[in-house]
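Novice: Here's a structure for you.
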Amino acid sequence: QTCALPICSADFIFKLNKNLEYKTLLSSYFIYNNGLNWANRNAEADGMQSRGVFTNNTSHDLLNEHTLTYNKIFKEHSINAVAGFTAQRTLVNKNQTTGLDFPNNIRSLNNATIIDKSSTFSTSNKVGLISYLGRVNYSYKNRYLLSASFRTDGSSYFGPGHKWGTFPSVSTGWVVDKEKFMDKVKWVSKLKLRASFGKSGNNRILDFGFYDLLYPANYSFGNGTGTTTSGQATSPTIRSNPDITWESTYQGNIGMDASLRSEE
């Protein structure tokens, strides 16, 4: 079962003058997830023990935003500008315990004959994201449009020297139907040409992927049929990358919006 609860959320807006506005926002969010992945005896193969994977995960997210918004109209010009700072912290707790061989199939962990240590773990991780952002929208005569934005983000998913990524974008538009030479073109009710180009980022990677992570493993001691003991070792399939950083995607777009009407 999953339970998501908005613990609290509040925002305050201050009008500094007729053109400038300051807004601050604070929100907190809590997610609780409790589950069981169950397999009966012989469900997947003959002789397979009954198996239950018990999970208990929580996530607490705290977000704080500060933005300044400027609006100004003078003669045939219009400007809207936003500058801001945001900070987000997420505390994630993950707990998983795997039990094997339940004699009477009662789905309770204390009824398991064996605890599978290789797939049992408990982790706690704090994830942080800091962002600085800005955007300017400009319009002349409501027919020539320009928008530019820029943001830089720092994520704790990445190691020292690789935490920050920058993501700019720009777009332009021309509302052709507002031009005088379109007055006699009655069959066109709307015509707009537009173009945009921008860069976006992704930080969804494995926690602490810039380190060699340790996982449960067995060690052998002695020669031949020596004894084994449980321990930890690095993953044979997942290697650390101290230089890993933001994944970046570039995207451009050129388009036309048009609405036509029939003449009677």
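All residue names refer to the structure tokens as shown: chains lettered A, B, ... in order, residues numbered from 1 in each chain, ligands numbered from 1 in order.
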So which residues touch Asn93 in chain A within 9 Å, counting only C-alpha atoms, skipping near sequence neighbours fewer than 3 positions away, as a VMD selection string?
Specialist: chain A and resid 56 to 60 122 to 126
Novice: Using only C-alpha atoms, which of the listed residues (A:Lys199, A:Arg107, A:Arg51, A:Lys117) sits closest to Phe150 in chain A?
Specialist: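 When distances to Phe150 in chain A are compared using only C-alpha atoms, the smallest one comes from A:Lys199.
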Novice: Residues at most 12 Å from Arg261 in chain A, counting only C-alpha atoms, excluding those fewer than 2 positions away in the same chain, as a list in words?
Specialist: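 Surrounding residues, per the criterion: Val185, Lys186, Trp187, Val188, Ser189, Lys190, Leu191, Ala258, Ser259, Glu263 and Glu264 of chain A.
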Novice: Pull N, CA, C and O atoms from the residues just selected and write them as a compact mmCIF listing (two decimals), in the first residue's frame.
Specialist:
```txt
# COMPACT_ATOMS: atom_id res chain seq x y z
N VAL A 185 -6.75 39.58 -46.29
CA VAL A 185 -6.80 38.11 -46.38
C VAL A 185 -7.83 37.61 -45.38
O VAL A 185 -7.52 37.26 -44.24
N LYS A 186 -9.08 37.61 -45.79
CA LYS A 186 -10.19 37.32 -44.88
C LYS A 186 -10.28 35.84 -44.49
O LYS A 186 -10.89 35.51 -43.47
N TRP A 187 -9.68 34.98 -45.29
CA TRP A 187 -9.83 33.54 -45.02
C TRP A 187 -8.82 33.02 -43.99
O TRP A 187 -8.84 31.85 -43.62
N VAL A 188 -7.95 33.93 -43.52
CA VAL A 188 -7.01 33.57 -42.46
C VAL A 188 -7.40 34.31 -41.19
O VAL A 188 -7.38 35.54 -41.15
N SER A 189 -7.78 33.59 -40.15
CA SER A 189 -8.14 34.22 -38.87
C SER A 189 -6.97 34.25 -37.91
O SER A 189 -6.91 35.09 -37.01
N LYS A 190 -6.00 33.33 -38.08
CA LYS A 190 -4.83 33.31 -37.21
C LYS A 190 -3.66 32.71 -37.97
O LYS A 190 -3.79 31.68 -38.63
N LEU A 191 -2.50 33.38 -37.86
CA LEU A 191 -1.29 32.86 -38.49
C LEU A 191 -0.09 33.30 -37.65
O LEU A 191 0.14 34.49 -37.46
N ALA A 258 -1.94 28.04 -37.52
CA ALA A 258 -2.84 28.70 -38.46
C ALA A 258 -4.28 28.28 -38.22
O ALA A 258 -4.55 27.12 -37.89
N SER A 259 -5.17 29.23 -38.36
CA SER A 259 -6.61 28.96 -38.31
C SER A 259 -7.22 29.62 -39.54
O SER A 259 -6.99 30.80 -39.82
N GLU A 263 -15.00 31.64 -46.69
CA GLU A 263 -15.66 32.89 -47.07
C GLU A 263 -17.02 32.58 -47.68
O GLU A 263 -17.17 31.67 -48.48
N GLU A 264 -18.02 33.33 -47.25
CA GLU A 264 -19.38 33.13 -47.74
C GLU A 264 -19.62 34.01 -48.96
O GLU A 264 -19.10 35.10 -49.07
```
Novice: Residues near range 130-142 of chain A, anyone? I mean within 6 Å using only C-alpha atoms, not counting same-chain ones fewer than 4 positions away, as a PyMOL selection string.
Specialist: chain A and resi 76-87+146-154
Novice: Selection from above, C-alpha atoms, as a PDB file, in the first residue's frame, can you write it?
Specialist:
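Okay, this is what ended up in again16.pdb:
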```pdb
ATOM      1  CA  GLU A  76       3.720  49.219 -27.572  1.00  0.00           C
ATOM      2  CA  HIS A  77       6.229  47.223 -25.526  1.00  0.00           C
ATOM      3  CA  SER A  78       5.480  44.561 -22.919  1.00  0.00           C
ATOM      4  CA  ILE A  79       7.990  42.907 -20.592  1.00  0.00           C
ATOM      5  CA  ASN A  80       7.531  40.087 -18.102  1.00  0.00           C
ATOM      6  CA  ALA A  81      10.613  38.912 -16.172  1.00  0.00           C
ATOM      7  CA  VAL A  82      11.062  36.323 -13.435  1.00  0.00           C
ATOM      8  CA  ALA A  83      14.141  35.589 -11.315  1.00  0.00           C
ATOM      9  CA  GLY A  84      14.228  32.971  -8.614  1.00  0.00           C
ATOM     10  CA  PHE A  85      15.970  30.588  -6.267  1.00  0.00           C
ATOM     11  CA  THR A  86      14.710  27.181  -5.150  1.00  0.00           C
ATOM     12  CA  ALA A  87      16.051  24.625  -2.688  1.00  0.00           C
ATOM     13  CA  LEU A 146      10.819  36.887 -27.781  1.00  0.00           C
ATOM     14  CA  SER A 147      11.338  34.650 -24.762  1.00  0.00           C
ATOM     15  CA  ALA A 148      14.628  33.627 -23.135  1.00  0.00           C
ATOM     16  CA  SER A 149      15.256  31.565 -20.015  1.00  0.00           C
ATOM     17  CA  PHE A 150      18.233  30.290 -18.094  1.00  0.00           C
ATOM     18  CA  ARG A 151      18.612  28.030 -15.110  1.00  0.00           C
ATOM     19  CA  THR A 152      21.479  26.351 -13.324  1.00  0.00           C
ATOM     20  CA  ASP A 153      20.959  23.381 -11.028  1.00  0.00           C
ATOM     21  CA  GLY A 154      23.189  21.707  -8.465  1.00  0.00           C
TER      22      GLY A 154
END
```
Novice: Report, in Å with one decimal, the straight-line distance from CA of Ser9 in chain A to CA of Glu65 in chain A.
Specialist: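 These two atoms are separated by 11.5 Å.
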Novice: Please determine, counting only C-alpha atoms, which residue among A:Lys178, A:Arg204, A:Lys192, A:Arg89 has the shortest atom-to-atom distance to Phe158 in chain A.
Specialist: A:Arg204
Novice: Can you tell me how far CA of Ala217 in chain A sits from CA of Asp116 in chain A, in Å to one decimal?
Specialist: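 These two atoms are separated by 11.5 Å.
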Novice: From range 22-155 of chain A, collect each residue whose DSSP state is strand (DSSP E or B) and return the set as a PyMOL selection string.
Specialist: chain A and resi 22-39+51-74+77-100+114-115+121-140+144-155
Novice: Report as a PDB file with all heavy atoms, in the first residue's frame all protein, DNA and RNA residues lying within 12 Å of Ser200 in chain A, evaluated on only C-alpha atoms, omitting residues in the same chain fewer than 4 positions from it.
Specialist:
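Okay, this is what ended up in out-v5.pdb:
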```pdb
ATOM      1  N   SER A 149      15.188  32.051 -21.394  1.00  0.00           N
ATOM      2  CA  SER A 149      15.256  31.565 -20.015  1.00  0.00           C
ATOM      3  C   SER A 149      16.602  30.920 -19.766  1.00  0.00           C
ATOM      4  O   SER A 149      17.289  30.463 -20.691  1.00  0.00           O
ATOM      5  CB  SER A 149      14.129  30.566 -19.730  1.00  0.00           C
ATOM      6  OG  SER A 149      14.298  29.389 -20.489  1.00  0.00           O
ATOM      7  N   PHE A 150      16.957  30.887 -18.491  1.00  0.00           N
ATOM      8  CA  PHE A 150      18.233  30.290 -18.094  1.00  0.00           C
ATOM      9  C   PHE A 150      18.084  29.763 -16.675  1.00  0.00           C
ATOM     10  O   PHE A 150      17.488  30.411 -15.817  1.00  0.00           O
ATOM     11  CB  PHE A 150      19.349  31.336 -18.136  1.00  0.00           C
ATOM     12  CG  PHE A 150      20.677  30.820 -17.679  1.00  0.00           C
ATOM     13  CD1 PHE A 150      21.532  30.187 -18.560  1.00  0.00           C
ATOM     14  CD2 PHE A 150      21.082  30.955 -16.347  1.00  0.00           C
ATOM     15  CE1 PHE A 150      22.762  29.705 -18.146  1.00  0.00           C
ATOM     16  CE2 PHE A 150      22.305  30.470 -15.923  1.00  0.00           C
ATOM     17  CZ  PHE A 150      23.140  29.847 -16.833  1.00  0.00           C
ATOM     18  N   ARG A 151      18.599  28.572 -16.457  1.00  0.00           N
ATOM     19  CA  ARG A 151      18.612  28.030 -15.110  1.00  0.00           C
ATOM     20  C   ARG A 151      19.883  27.218 -14.919  1.00  0.00           C
ATOM     21  O   ARG A 151      20.440  26.641 -15.867  1.00  0.00           O
ATOM     22  CB  ARG A 151      17.378  27.187 -14.818  1.00  0.00           C
ATOM     23  CG  ARG A 151      17.237  25.916 -15.608  1.00  0.00           C
ATOM     24  CD  ARG A 151      15.966  25.176 -15.185  1.00  0.00           C
ATOM     25  NE  ARG A 151      16.053  24.743 -13.797  1.00  0.00           N
ATOM     26  CZ  ARG A 151      15.004  24.653 -12.977  1.00  0.00           C
ATOM     27  NH1 ARG A 151      13.800  24.985 -13.406  1.00  0.00           N
ATOM     28  NH2 ARG A 151      15.156  24.243 -11.733  1.00  0.00           N
ATOM     29  N   THR A 152      20.332  27.186 -13.681  1.00  0.00           N
ATOM     30  CA  THR A 152      21.479  26.351 -13.324  1.00  0.00           C
ATOM     31  C   THR A 152      21.104  25.567 -12.069  1.00  0.00           C
ATOM     32  O   THR A 152      20.527  26.119 -11.126  1.00  0.00           O
ATOM     33  CB  THR A 152      22.745  27.208 -13.106  1.00  0.00           C
ATOM     34  OG1 THR A 152      23.832  26.358 -12.744  1.00  0.00           O
ATOM     35  CG2 THR A 152      22.545  28.249 -12.025  1.00  0.00           C
ATOM     36  N   ASP A 153      21.385  24.277 -12.093  1.00  0.00           N
ATOM     37  CA  ASP A 153      20.959  23.381 -11.028  1.00  0.00           C
ATOM     38  C   ASP A 153      22.157  22.633 -10.457  1.00  0.00           C
ATOM     39  O   ASP A 153      23.028  22.165 -11.210  1.00  0.00           O
ATOM     40  CB  ASP A 153      19.951  22.355 -11.557  1.00  0.00           C
ATOM     41  CG  ASP A 153      18.721  23.006 -12.150  1.00  0.00           C
ATOM     42  OD1 ASP A 153      17.874  23.466 -11.370  1.00  0.00           O
ATOM     43  OD2 ASP A 153      18.612  23.062 -13.388  1.00  0.00           O
ATOM     44  N   GLY A 165      24.751  21.921 -13.508  1.00  0.00           N
ATOM     45  CA  GLY A 165      24.435  21.919 -14.931  1.00  0.00           C
ATOM     46  C   GLY A 165      23.712  23.200 -15.285  1.00  0.00           C
ATOM     47  O   GLY A 165      22.976  23.770 -14.471  1.00  0.00           O
ATOM     48  N   THR A 166      23.918  23.710 -16.504  1.00  0.00           N
ATOM     49  CA  THR A 166      23.266  24.939 -16.971  1.00  0.00           C
ATOM     50  C   THR A 166      22.373  24.612 -18.155  1.00  0.00           C
ATOM     51  O   THR A 166      22.765  23.846 -19.050  1.00  0.00           O
ATOM     52  CB  THR A 166      24.296  26.002 -17.368  1.00  0.00           C
ATOM     53  OG1 THR A 166      25.188  25.465 -18.363  1.00  0.00           O
ATOM     54  CG2 THR A 166      25.123  26.424 -16.157  1.00  0.00           C
ATOM     55  N   PHE A 167      21.182  25.245 -18.182  1.00  0.00           N
ATOM     56  CA  PHE A 167      20.174  24.888 -19.172  1.00  0.00           C
ATOM     57  C   PHE A 167      19.474  26.143 -19.713  1.00  0.00           C
ATOM     58  O   PHE A 167      18.494  26.627 -19.130  1.00  0.00           O
ATOM     59  CB  PHE A 167      19.153  23.926 -18.556  1.00  0.00           C
ATOM     60  CG  PHE A 167      19.806  22.763 -17.865  1.00  0.00           C
ATOM     61  CD1 PHE A 167      19.932  22.737 -16.478  1.00  0.00           C
ATOM     62  CD2 PHE A 167      20.335  21.718 -18.596  1.00  0.00           C
ATOM     63  CE1 PHE A 167      20.554  21.686 -15.846  1.00  0.00           C
ATOM     64  CE2 PHE A 167      20.960  20.652 -17.969  1.00  0.00           C
ATOM     65  CZ  PHE A 167      21.070  20.639 -16.594  1.00  0.00           C
ATOM     66  N   PRO A 168      19.990  26.697 -20.818  1.00  0.00           N
ATOM     67  CA  PRO A 168      19.376  27.878 -21.426  1.00  0.00           C
ATOM     68  C   PRO A 168      18.348  27.482 -22.496  1.00  0.00           C
ATOM     69  O   PRO A 168      18.366  26.356 -23.012  1.00  0.00           O
ATOM     70  CB  PRO A 168      20.578  28.587 -22.064  1.00  0.00           C
ATOM     71  CG  PRO A 168      21.491  27.461 -22.459  1.00  0.00           C
ATOM     72  CD  PRO A 168      21.284  26.357 -21.431  1.00  0.00           C
ATOM     73  N   SER A 169      17.477  28.426 -22.838  1.00  0.00           N
ATOM     74  CA  SER A 169      16.539  28.224 -23.947  1.00  0.00           C
ATOM     75  C   SER A 169      16.097  29.584 -24.473  1.00  0.00           C
ATOM     76  O   SER A 169      16.137  30.589 -23.760  1.00  0.00           O
ATOM     77  CB  SER A 169      15.317  27.416 -23.496  1.00  0.00           C
ATOM     78  OG  SER A 169      14.545  28.142 -22.566  1.00  0.00           O
ATOM     79  N   TRP A 246      25.267  15.751 -15.206  1.00  0.00           N
ATOM     80  CA  TRP A 246      23.934  15.898 -15.784  1.00  0.00           C
ATOM     81  C   TRP A 246      23.874  15.337 -17.209  1.00  0.00           C
ATOM     82  O   TRP A 246      24.735  15.625 -18.033  1.00  0.00           O
ATOM     83  CB  TRP A 246      23.527  17.366 -15.817  1.00  0.00           C
ATOM     84  CG  TRP A 246      23.215  17.935 -14.470  1.00  0.00           C
ATOM     85  CD1 TRP A 246      24.101  18.440 -13.577  1.00  0.00           C
ATOM     86  CD2 TRP A 246      21.925  18.052 -13.876  1.00  0.00           C
ATOM     87  NE1 TRP A 246      23.453  18.878 -12.452  1.00  0.00           N
ATOM     88  CE2 TRP A 246      22.106  18.648 -12.608  1.00  0.00           C
ATOM     89  CE3 TRP A 246      20.630  17.725 -14.274  1.00  0.00           C
ATOM     90  CZ2 TRP A 246      21.048  18.916 -11.754  1.00  0.00           C
ATOM     91  CZ3 TRP A 246      19.571  17.993 -13.423  1.00  0.00           C
ATOM     92  CH2 TRP A 246      19.798  18.571 -12.179  1.00  0.00           C
ATOM     93  N   GLU A 247      22.836  14.565 -17.487  1.00  0.00           N
ATOM     94  CA  GLU A 247      22.533  14.193 -18.858  1.00  0.00           C
ATOM     95  C   GLU A 247      21.858  15.396 -19.524  1.00  0.00           C
ATOM     96  O   GLU A 247      20.924  15.969 -18.960  1.00  0.00           O
ATOM     97  CB  GLU A 247      21.599  12.987 -18.893  1.00  0.00           C
ATOM     98  CG  GLU A 247      21.154  12.587 -20.282  1.00  0.00           C
ATOM     99  CD  GLU A 247      20.085  11.513 -20.267  1.00  0.00           C
ATOM    100  OE1 GLU A 247      19.092  11.682 -19.526  1.00  0.00           O
ATOM    101  OE2 GLU A 247      20.235  10.528 -20.996  1.00  0.00           O
ATOM    102  N   SER A 248      22.323  15.779 -20.698  1.00  0.00           N
ATOM    103  CA  SER A 248      21.796  16.963 -21.378  1.00  0.00           C
ATOM    104  C   SER A 248      21.136  16.569 -22.690  1.00  0.00           C
ATOM    105  O   SER A 248      21.659  15.734 -23.434  1.00  0.00           O
ATOM    106  CB  SER A 248      22.901  17.980 -21.651  1.00  0.00           C
ATOM    107  OG  SER A 248      23.451  18.457 -20.432  1.00  0.00           O
ATOM    108  N   THR A 249      19.998  17.180 -22.956  1.00  0.00           N
ATOM    109  CA  THR A 249      19.260  16.957 -24.198  1.00  0.00           C
ATOM    110  C   THR A 249      18.994  18.295 -24.863  1.00  0.00           C
ATOM    111  O   THR A 249      18.493  19.229 -24.216  1.00  0.00           O
ATOM    112  CB  THR A 249      17.925  16.241 -23.936  1.00  0.00           C
ATOM    113  OG1 THR A 249      18.167  15.008 -23.261  1.00  0.00           O
ATOM    114  CG2 THR A 249      17.196  15.966 -25.237  1.00  0.00           C
ATOM    115  N   TYR A 250      19.329  18.400 -26.146  1.00  0.00           N
ATOM    116  CA  TYR A 250      19.095  19.616 -26.921  1.00  0.00           C
ATOM    117  C   TYR A 250      17.894  19.398 -27.837  1.00  0.00           C
ATOM    118  O   TYR A 250      17.760  18.333 -28.449  1.00  0.00           O
ATOM    119  CB  TYR A 250      20.323  19.977 -27.749  1.00  0.00           C
ATOM    120  CG  TYR A 250      21.547  20.294 -26.927  1.00  0.00           C
ATOM    121  CD1 TYR A 250      22.387  19.276 -26.490  1.00  0.00           C
ATOM    122  CD2 TYR A 250      21.863  21.610 -26.591  1.00  0.00           C
ATOM    123  CE1 TYR A 250      23.521  19.557 -25.725  1.00  0.00           C
ATOM    124  CE2 TYR A 250      22.993  21.898 -25.829  1.00  0.00           C
ATOM    125  CZ  TYR A 250      23.813  20.864 -25.413  1.00  0.00           C
ATOM    126  OH  TYR A 250      24.924  21.141 -24.662  1.00  0.00           O
ATOM    127  N   GLN A 251      17.048  20.406 -27.908  1.00  0.00           N
ATOM    128  CA  GLN A 251      15.853  20.270 -28.737  1.00  0.00           C
ATOM    129  C   GLN A 251      15.534  21.583 -29.432  1.00  0.00           C
ATOM    130  O   GLN A 251      15.559  22.652 -28.808  1.00  0.00           O
ATOM    131  CB  GLN A 251      14.656  19.829 -27.895  1.00  0.00           C
ATOM    132  CG  GLN A 251      13.389  19.571 -28.703  1.00  0.00           C
ATOM    133  CD  GLN A 251      12.267  18.991 -27.858  1.00  0.00           C
ATOM    134  OE1 GLN A 251      12.386  18.903 -26.646  1.00  0.00           O
ATOM    135  NE2 GLN A 251      11.184  18.604 -28.489  1.00  0.00           N
ATOM    136  N   GLY A 252      15.269  21.516 -30.727  1.00  0.00           N
ATOM    137  CA  GLY A 252      14.865  22.686 -31.500  1.00  0.00           C
ATOM    138  C   GLY A 252      13.525  22.441 -32.152  1.00  0.00           C
ATOM    139  O   GLY A 252      13.130  21.291 -32.400  1.00  0.00           O
TER     140      GLY A 252
END
```
Novice: Nearest residue to Pro242 in chain A out of A:Gly173, A:Gly159, A:Gly255, A:Gly99, using only C-alpha atoms?
Specialist: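 Comparing A:Gly173, A:Gly159, A:Gly255, A:Gly99 against Pro242 in chain A, the winner is A:Gly159.
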Novice: With DSSP run on the backbone, what are the helix (DSSP H, G or I) residues within range 37-247 of chain A? I'd like them as an MDAnalysis selection string.
Specialist: chainID A and resid 109:111 117:119 176:178 180:182
